[in-house]
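Visitor: Just dropping this structure here.
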Amino acid sequence: MEQMSIDEILACFDKLYPNARCELNHKNAYEMAVAVILSAQTTDVSVNRVTPSLFEAYPDAQSLAVANTEDIEKLIASLGLYHNKARSIQGFAREICDRFDGNVPADMKDLVSLPGVGRKCANVIMAECHGIPALAVDTHVARVARRLRLCYEKDTVDAIEKKLCRKIPREKWIKTHHQMIFFGRYLCHARNPECVRCPFVKICREKEKKQGIREKPVII
């Protein structure tokens with residue numbers, strides 16, 4: 001039975017995606033936070049199409065907070081759930097103006113208290129806006145973690161986050177988060193993963209299921 005250690009897996013990620021990074025375009029913490037909220041259930045590419053006009057119209061939290069909600073909706077109408085997202089980003093802007101002098105907070109508890117910000121978004125904001133080690137689990141990260149047996153297949157997102165943070169060195173959380181997203185986005189697709197060029201085929205849970213191979217243990 002072939003296995004890989006977490007160090008070997010991280011080494012492969014380093015070879016595959018040494019320059020993995022956040023692909024949401026932004027110039028500051030305000031823009032990053034708004035882009036993350038908008039990215040729910042849509043692609044970074046789609047978000048990057050609407051944010052230039054959005055940030056030109058509303059360059060800071062103060063201007064977004066007092067904007068006409070319908071005008072915000074028009075600028076992000078190409079995104080799914082744009083009515084809800086308009087309310088979320090405006091509510092976010094109002095809250096940080098009222099409670100944090102227009103600044104994006106760095107504390108998890110403060111972040112998840114804001115409109116549109118769940119734990120995943122908060123982790124991204126902490127990492128990208130403030131450089132605080134965090135490991136956000138989105139659909140790509142969750143899929144990769146399950147396929148590489150870094151967690152159990154039925155684990156919740158919160159359980160996956162805890163297990164990844166326990167297994168991966170804290171100083172590598174931000175980098176590994178981006179590498180796992182790149183791997184899931186550009187190679188280990190949800191459908192039709194490119195197994196022929198994957199270095200993890202020998203431990204892949206998905207591959208085992210397709211071949212009828214008995215389940216291997218989760219990587220400790």
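Each chain of the structure tokens is named A, B, ... in the order shown, its residues numbered from 1; ligands are numbered from 1 in display order.
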Would you pick out the contacts of Trp173 in chain A at 10 Å or less, using only C-alpha atoms, so that residues sharing its chain but fewer than 2 positions from it are not included, and give the list as a VMD selection string?
Guide: chain A and resid 127 132 to 136 164 to 165 167 to 171 175 to 179
Visitor: Keeping N, CA and C atoms, export the residues of the selection given above as a PDB file, in the first residue's frame.
Guide:
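Below is the file part27.pdb, written as the result:
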```
ATOM      1  N   ALA A 127      -5.685  36.408   6.084  1.00  0.00           N
ATOM      2  CA  ALA A 127      -4.444  36.043   5.406  1.00  0.00           C
ATOM      3  C   ALA A 127      -4.008  37.108   4.399  1.00  0.00           C
ATOM      4  N   ILE A 132      -2.027  37.331   8.455  1.00  0.00           N
ATOM      5  CA  ILE A 132      -2.178  36.443   9.602  1.00  0.00           C
ATOM      6  C   ILE A 132      -2.347  35.013   9.107  1.00  0.00           C
ATOM      7  N   PRO A 133      -1.547  34.070   9.586  1.00  0.00           N
ATOM      8  CA  PRO A 133      -1.688  32.685   9.129  1.00  0.00           C
ATOM      9  C   PRO A 133      -3.110  32.177   9.279  1.00  0.00           C
ATOM     10  N   ALA A 134      -3.685  31.739   8.181  1.00  0.00           N
ATOM     11  CA  ALA A 134      -5.048  31.209   8.168  1.00  0.00           C
ATOM     12  C   ALA A 134      -5.164  30.288   6.960  1.00  0.00           C
ATOM     13  N   LEU A 135      -6.083  29.345   7.030  1.00  0.00           N
ATOM     14  CA  LEU A 135      -6.246  28.396   5.937  1.00  0.00           C
ATOM     15  C   LEU A 135      -7.738  28.241   5.639  1.00  0.00           C
ATOM     16  N   ALA A 136      -8.188  28.989   4.655  1.00  0.00           N
ATOM     17  CA  ALA A 136      -9.600  28.963   4.288  1.00  0.00           C
ATOM     18  C   ALA A 136      -9.916  27.708   3.481  1.00  0.00           C
ATOM     19  N   LEU A 164      -6.434  20.209   8.563  1.00  0.00           N
ATOM     20  CA  LEU A 164      -5.356  20.768   7.742  1.00  0.00           C
ATOM     21  C   LEU A 164      -4.437  21.654   8.582  1.00  0.00           C
ATOM     22  N   CYS A 165      -5.019  22.449   9.463  1.00  0.00           N
ATOM     23  CA  CYS A 165      -4.211  23.336  10.306  1.00  0.00           C
ATOM     24  C   CYS A 165      -3.360  22.545  11.298  1.00  0.00           C
ATOM     25  N   LYS A 167      -2.119  19.476  10.603  1.00  0.00           N
ATOM     26  CA  LYS A 167      -1.126  18.703   9.868  1.00  0.00           C
ATOM     27  C   LYS A 167      -0.099  19.565   9.140  1.00  0.00           C
ATOM     28  N   ILE A 168      -0.510  20.750   8.725  1.00  0.00           N
ATOM     29  CA  ILE A 168       0.366  21.628   7.952  1.00  0.00           C
ATOM     30  C   ILE A 168       1.010  22.654   8.878  1.00  0.00           C
ATOM     31  N   PRO A 169       2.313  22.878   8.765  1.00  0.00           N
ATOM     32  CA  PRO A 169       2.970  23.881   9.605  1.00  0.00           C
ATOM     33  C   PRO A 169       2.316  25.253   9.455  1.00  0.00           C
ATOM     34  N   ARG A 170       2.139  25.945  10.568  1.00  0.00           N
ATOM     35  CA  ARG A 170       1.421  27.215  10.586  1.00  0.00           C
ATOM     36  C   ARG A 170       1.995  28.222   9.590  1.00  0.00           C
ATOM     37  N   GLU A 171       3.308  28.241   9.456  1.00  0.00           N
ATOM     38  CA  GLU A 171       3.929  29.211   8.563  1.00  0.00           C
ATOM     39  C   GLU A 171       3.650  28.909   7.083  1.00  0.00           C
ATOM     40  N   LYS A 175       0.295  29.861   2.077  1.00  0.00           N
ATOM     41  CA  LYS A 175       0.832  29.359   0.813  1.00  0.00           C
ATOM     42  C   LYS A 175       0.127  28.084   0.381  1.00  0.00           C
ATOM     43  N   THR A 176      -0.053  27.159   1.314  1.00  0.00           N
ATOM     44  CA  THR A 176      -0.686  25.883   0.981  1.00  0.00           C
ATOM     45  C   THR A 176      -2.138  26.082   0.563  1.00  0.00           C
ATOM     46  N   HIS A 177      -2.823  27.003   1.199  1.00  0.00           N
ATOM     47  CA  HIS A 177      -4.201  27.334   0.811  1.00  0.00           C
ATOM     48  C   HIS A 177      -4.260  27.693  -0.667  1.00  0.00           C
ATOM     49  N   HIS A 178      -3.382  28.570  -1.117  1.00  0.00           N
ATOM     50  CA  HIS A 178      -3.363  28.971  -2.521  1.00  0.00           C
ATOM     51  C   HIS A 178      -2.950  27.813  -3.433  1.00  0.00           C
ATOM     52  N   GLN A 179      -1.994  27.019  -2.998  1.00  0.00           N
ATOM     53  CA  GLN A 179      -1.551  25.891  -3.812  1.00  0.00           C
ATOM     54  C   GLN A 179      -2.657  24.858  -3.987  1.00  0.00           C
TER      55      GLN A 179
END
```
Visitor: Leaving out Leu38 in chain A and any residue of its chain fewer than 4 positions from it, which residues lie within 9 Å of it when counting only C-alpha atoms, given as a JSON list (two decimals) with all heavy atoms, in the first residue's frame?
Guide:
```json
[["chain", "number", "residue", "atom", "x", "y", "z"],
["A", 33, "ALA", "N", -11.57, 42.56, 0.75],
["A", 33, "ALA", "CA", -12.70, 42.06, 1.53],
["A", 33, "ALA", "C", -13.98, 42.06, 0.71],
["A", 33, "ALA", "O", -14.75, 41.08, 0.73],
["A", 33, "ALA", "CB", -12.87, 42.89, 2.79],
["A", 34, "VAL", "N", -14.24, 43.11, -0.02],
["A", 34, "VAL", "CA", -15.43, 43.19, -0.86],
["A", 34, "VAL", "C", -15.39, 42.12, -1.95],
["A", 34, "VAL", "O", -16.39, 41.44, -2.21],
["A", 34, "VAL", "CB", -15.58, 44.60, -1.48],
["A", 34, "VAL", "CG1", -16.68, 44.60, -2.55],
["A", 34, "VAL", "CG2", -15.89, 45.63, -0.41],
["A", 42, "THR", "N", -19.33, 31.88, -7.04],
["A", 42, "THR", "CA", -18.99, 32.30, -8.39],
["A", 42, "THR", "C", -17.47, 32.25, -8.53],
["A", 42, "THR", "O", -16.76, 31.94, -7.58],
["A", 42, "THR", "CB", -19.52, 33.71, -8.68],
["A", 42, "THR", "OG1", -19.40, 33.99, -10.08],
["A", 42, "THR", "CG2", -18.75, 34.78, -7.91],
["A", 44, "ASP", "N", -13.51, 33.62, -9.45],
["A", 44, "ASP", "CA", -12.68, 34.82, -9.31],
["A", 44, "ASP", "C", -12.68, 35.63, -10.60],
["A", 44, "ASP", "O", -12.66, 36.86, -10.57],
["A", 44, "ASP", "CB", -11.25, 34.44, -8.94],
["A", 44, "ASP", "CG", -11.13, 33.90, -7.53],
["A", 44, "ASP", "OD1", -12.15, 33.85, -6.81],
["A", 44, "ASP", "OD2", -10.00, 33.52, -7.13],
["A", 47, "VAL", "N", -15.73, 37.78, -10.70],
["A", 47, "VAL", "CA", -15.61, 38.90, -9.76],
["A", 47, "VAL", "C", -14.68, 39.96, -10.32],
["A", 47, "VAL", "O", -14.97, 41.17, -10.24],
["A", 47, "VAL", "CB", -15.11, 38.40, -8.39],
["A", 47, "VAL", "CG1", -14.85, 39.59, -7.46],
["A", 47, "VAL", "CG2", -16.13, 37.45, -7.76],
["A", 76, "ILE", "N", -22.89, 44.97, -10.34],
["A", 76, "ILE", "CA", -22.51, 43.58, -10.11],
["A", 76, "ILE", "C", -23.57, 42.60, -10.63],
["A", 76, "ILE", "O", -23.58, 41.42, -10.27],
["A", 76, "ILE", "CB", -22.26, 43.31, -8.61],
["A", 76, "ILE", "CG1", -23.54, 43.50, -7.78],
["A", 76, "ILE", "CG2", -21.15, 44.20, -8.08],
["A", 76, "ILE", "CD1", -23.40, 43.02, -6.35],
["A", 79, "LEU", "N", -23.14, 38.88, -11.73],
["A", 79, "LEU", "CA", -22.84, 37.84, -10.74],
["A", 79, "LEU", "C", -24.14, 37.18, -10.27],
["A", 79, "LEU", "O", -25.17, 37.82, -10.18],
["A", 79, "LEU", "CB", -22.12, 38.44, -9.52],
["A", 79, "LEU", "CG", -20.78, 39.13, -9.78],
["A", 79, "LEU", "CD1", -20.24, 39.67, -8.46],
["A", 79, "LEU", "CD2", -19.78, 38.18, -10.42],
["A", 82, "TYR", "N", -26.86, 38.57, -7.10],
["A", 82, "TYR", "CA", -26.34, 39.93, -6.99],
["A", 82, "TYR", "C", -27.16, 40.82, -6.06],
["A", 82, "TYR", "O", -26.63, 41.76, -5.48],
["A", 82, "TYR", "CB", -26.18, 40.57, -8.38],
["A", 82, "TYR", "CG", -27.47, 40.91, -9.08],
["A", 82, "TYR", "CD1", -28.05, 42.18, -8.95],
["A", 82, "TYR", "CD2", -28.11, 39.98, -9.90],
["A", 82, "TYR", "CE1", -29.21, 42.51, -9.61],
["A", 82, "TYR", "CE2", -29.27, 40.30, -10.56],
["A", 82, "TYR", "CZ", -29.83, 41.55, -10.42],
["A", 82, "TYR", "OH", -30.98, 41.88, -11.07],
["A", 85, "LYS", "N", -25.80, 39.96, -2.67],
["A", 85, "LYS", "CA", -24.40, 40.39, -2.57],
["A", 85, "LYS", "C", -24.29, 41.90, -2.45],
["A", 85, "LYS", "O", -23.42, 42.42, -1.74],
["A", 85, "LYS", "CB", -23.60, 39.87, -3.77],
["A", 85, "LYS", "CG", -23.40, 38.36, -3.72],
["A", 85, "LYS", "CD", -22.57, 37.85, -4.88],
["A", 85, "LYS", "CE", -22.37, 36.34, -4.77],
["A", 85, "LYS", "NZ", -21.54, 35.80, -5.87],
["A", 86, "ALA", "N", -25.16, 42.62, -3.13],
["A", 86, "ALA", "CA", -25.16, 44.09, -3.02],
["A", 86, "ALA", "C", -25.47, 44.50, -1.58],
["A", 86, "ALA", "O", -24.82, 45.38, -1.02],
["A", 86, "ALA", "CB", -26.17, 44.70, -3.98],
["A", 88, "SER", "N", -25.02, 42.65, 1.04],
["A", 88, "SER", "CA", -23.93, 42.19, 1.91],
["A", 88, "SER", "C", -22.75, 43.15, 1.89],
["A", 88, "SER", "O", -22.22, 43.52, 2.95],
["A", 88, "SER", "CB", -23.48, 40.79, 1.50],
["A", 88, "SER", "OG", -24.46, 39.82, 1.79],
["A", 89, "ILE", "N", -22.31, 43.54, 0.70],
["A", 89, "ILE", "CA", -21.12, 44.41, 0.65],
["A", 89, "ILE", "C", -21.43, 45.80, 1.19],
["A", 89, "ILE", "O", -20.57, 46.43, 1.81],
["A", 89, "ILE", "CB", -20.48, 44.48, -0.76],
["A", 89, "ILE", "CG1", -21.45, 45.07, -1.79],
["A", 89, "ILE", "CG2", -19.99, 43.10, -1.19],
["A", 89, "ILE", "CD1", -20.80, 45.30, -3.17],
["A", 116, "GLY", "N", -22.18, 39.25, 5.28],
["A", 116, "GLY", "CA", -21.54, 38.60, 4.16],
["A", 116, "GLY", "C", -20.26, 37.86, 4.47],
["A", 116, "GLY", "O", -19.65, 37.25, 3.58]]
```
Visitor: List every residue of chain A that DSSP, applied to the backbone of this structure, assigns to alpha helix (DSSP H), and report them as a PyMOL selection string.
Guide: chain A and resi 6-16+29-38+44-57+61-65+69-75+82-100+108-112+119-130+139-147+157-167+173-186+205-211
Visitor: If we count only C-alpha atoms and set the cut-off at 12 Å, which residues sit around Arg119 in chain A, ignoring sequence neighbours fewer than 3 positions away in its own chain? Please answer as a ChimeraX atom specification.
Guide: /A:36-37,107-116,122-126,134-138,157-158,161
Visitor: Which residue, A:Ala29, A:Ile181, A:Cys151, A:Val45, has the smallest gap to Ala106 in chain A when you use only C-alpha atoms?
Guide: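 When distances to Ala106 in chain A are compared using only C-alpha atoms, the smallest one comes from A:Ala29.
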Visitor: At a cut-off of 12 Å, using only C-alpha atoms, what residues contact Asn68 in chain A? Leave out same-chain residues fewer than 6 positions from it and give the result as a PDB file with all heavy atoms, in the first residue's frame.
Guide:
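File part08.pdb, as written:
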```
ATOM      1  N   ALA A  57     -16.448  53.472  -8.821  1.00  0.00           N
ATOM      2  CA  ALA A  57     -17.617  54.203  -8.306  1.00  0.00           C
ATOM      3  C   ALA A  57     -17.561  54.386  -6.799  1.00  0.00           C
ATOM      4  O   ALA A  57     -17.966  55.430  -6.271  1.00  0.00           O
ATOM      5  CB  ALA A  57     -18.898  53.469  -8.699  1.00  0.00           C
ATOM      6  N   TYR A  58     -17.037  53.361  -6.105  1.00  0.00           N
ATOM      7  CA  TYR A  58     -16.997  53.381  -4.638  1.00  0.00           C
ATOM      8  C   TYR A  58     -15.586  52.988  -4.181  1.00  0.00           C
ATOM      9  O   TYR A  58     -15.337  51.821  -3.867  1.00  0.00           O
ATOM     10  CB  TYR A  58     -18.053  52.429  -4.068  1.00  0.00           C
ATOM     11  CG  TYR A  58     -19.412  52.606  -4.706  1.00  0.00           C
ATOM     12  CD1 TYR A  58     -19.958  51.618  -5.510  1.00  0.00           C
ATOM     13  CD2 TYR A  58     -20.143  53.790  -4.524  1.00  0.00           C
ATOM     14  CE1 TYR A  58     -21.199  51.790  -6.114  1.00  0.00           C
ATOM     15  CE2 TYR A  58     -21.377  53.975  -5.128  1.00  0.00           C
ATOM     16  CZ  TYR A  58     -21.903  52.971  -5.926  1.00  0.00           C
ATOM     17  OH  TYR A  58     -23.123  53.153  -6.533  1.00  0.00           O
ATOM     18  N   LYS A  74     -26.597  47.228 -10.121  1.00  0.00           N
ATOM     19  CA  LYS A  74     -26.346  47.359 -11.559  1.00  0.00           C
ATOM     20  C   LYS A  74     -24.892  47.046 -11.905  1.00  0.00           C
ATOM     21  O   LYS A  74     -24.606  46.468 -12.955  1.00  0.00           O
ATOM     22  CB  LYS A  74     -26.695  48.773 -12.025  1.00  0.00           C
ATOM     23  CG  LYS A  74     -28.188  49.081 -11.990  1.00  0.00           C
ATOM     24  CD  LYS A  74     -28.451  50.533 -12.366  1.00  0.00           C
ATOM     25  CE  LYS A  74     -29.929  50.870 -12.246  1.00  0.00           C
ATOM     26  NZ  LYS A  74     -30.189  52.308 -12.551  1.00  0.00           N
ATOM     27  N   LEU A  75     -23.978  47.412 -11.019  1.00  0.00           N
ATOM     28  CA  LEU A  75     -22.550  47.203 -11.286  1.00  0.00           C
ATOM     29  C   LEU A  75     -22.130  45.745 -11.122  1.00  0.00           C
ATOM     30  O   LEU A  75     -21.120  45.324 -11.682  1.00  0.00           O
ATOM     31  CB  LEU A  75     -21.718  48.090 -10.358  1.00  0.00           C
ATOM     32  CG  LEU A  75     -21.799  49.596 -10.641  1.00  0.00           C
ATOM     33  CD1 LEU A  75     -21.108  50.376  -9.530  1.00  0.00           C
ATOM     34  CD2 LEU A  75     -21.166  49.933 -11.988  1.00  0.00           C
ATOM     35  N   ALA A  86     -25.162  42.620  -3.134  1.00  0.00           N
ATOM     36  CA  ALA A  86     -25.163  44.091  -3.017  1.00  0.00           C
ATOM     37  C   ALA A  86     -25.472  44.497  -1.579  1.00  0.00           C
ATOM     38  O   ALA A  86     -24.820  45.382  -1.017  1.00  0.00           O
ATOM     39  CB  ALA A  86     -26.172  44.696  -3.980  1.00  0.00           C
ATOM     40  N   ARG A  87     -26.470  43.843  -1.002  1.00  0.00           N
ATOM     41  CA  ARG A  87     -26.816  44.151   0.394  1.00  0.00           C
ATOM     42  C   ARG A  87     -25.673  43.770   1.334  1.00  0.00           C
ATOM     43  O   ARG A  87     -25.402  44.491   2.311  1.00  0.00           O
ATOM     44  CB  ARG A  87     -28.100  43.421   0.793  1.00  0.00           C
ATOM     45  CG  ARG A  87     -29.356  44.006   0.163  1.00  0.00           C
ATOM     46  CD  ARG A  87     -30.612  43.478   0.840  1.00  0.00           C
ATOM     47  NE  ARG A  87     -30.791  42.052   0.612  1.00  0.00           N
ATOM     48  CZ  ARG A  87     -31.466  41.538  -0.416  1.00  0.00           C
ATOM     49  NH1 ARG A  87     -32.017  42.347  -1.316  1.00  0.00           N
ATOM     50  NH2 ARG A  87     -31.612  40.231  -0.535  1.00  0.00           N
ATOM     51  N   GLN A  90     -22.664  46.266   0.990  1.00  0.00           N
ATOM     52  CA  GLN A  90     -23.014  47.572   1.560  1.00  0.00           C
ATOM     53  C   GLN A  90     -23.146  47.474   3.072  1.00  0.00           C
ATOM     54  O   GLN A  90     -22.682  48.360   3.800  1.00  0.00           O
ATOM     55  CB  GLN A  90     -24.299  48.106   0.948  1.00  0.00           C
ATOM     56  CG  GLN A  90     -24.631  49.516   1.441  1.00  0.00           C
ATOM     57  CD  GLN A  90     -25.693  50.192   0.615  1.00  0.00           C
ATOM     58  OE1 GLN A  90     -26.721  49.587   0.308  1.00  0.00           O
ATOM     59  NE2 GLN A  90     -25.453  51.451   0.245  1.00  0.00           N
TER      60      GLN A  90
END
```
Visitor: Near range 190-194 of chain A, within 10 Å and counting only C-alpha atoms, which residues show up once chain neighbours fewer than 3 positions away are dropped, as a list in words?
Guide: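 Residues meeting the cut-off are Thr139, His140, Arg143, Val144, Gly184, Arg185, Tyr186, Leu187, Arg197, Cys198, Val201, Glu206 and Lys207 of chain A.
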Visitor: Go ahead and dump the residues you just picked, C-alpha atoms, as an mmCIF file, in the first residue's frame.
Guide:
```cif
data_model
loop_
_atom_site.group_PDB
_atom_site.id
_atom_site.type_symbol
_atom_site.label_atom_id
_atom_site.label_comp_id
_atom_site.auth_asym_id
_atom_site.auth_seq_id
_atom_site.Cartn_x
_atom_site.Cartn_y
_atom_site.Cartn_z
ATOM 1 C CA THR A 139 -14.804 23.952 -2.526
ATOM 2 C CA HIS A 140 -11.398 23.371 -4.160
ATOM 3 C CA ARG A 143 -12.211 18.469 -2.618
ATOM 4 C CA VAL A 144 -8.428 18.194 -2.690
ATOM 5 C CA GLY A 184 -8.137 21.959 -7.587
ATOM 6 C CA ARG A 185 -8.825 24.710 -10.116
ATOM 7 C CA TYR A 186 -6.300 23.785 -12.788
ATOM 8 C CA LEU A 187 -5.603 20.056 -12.431
ATOM 9 C CA ARG A 197 -0.260 14.491 -14.904
ATOM 10 C CA CYS A 198 -1.099 14.225 -11.220
ATOM 11 C CA VAL A 201 -2.603 9.283 -8.208
ATOM 12 C CA GLU A 206 -11.282 9.285 -6.076
ATOM 13 C CA LYS A 207 -9.024 7.079 -8.178
#
```
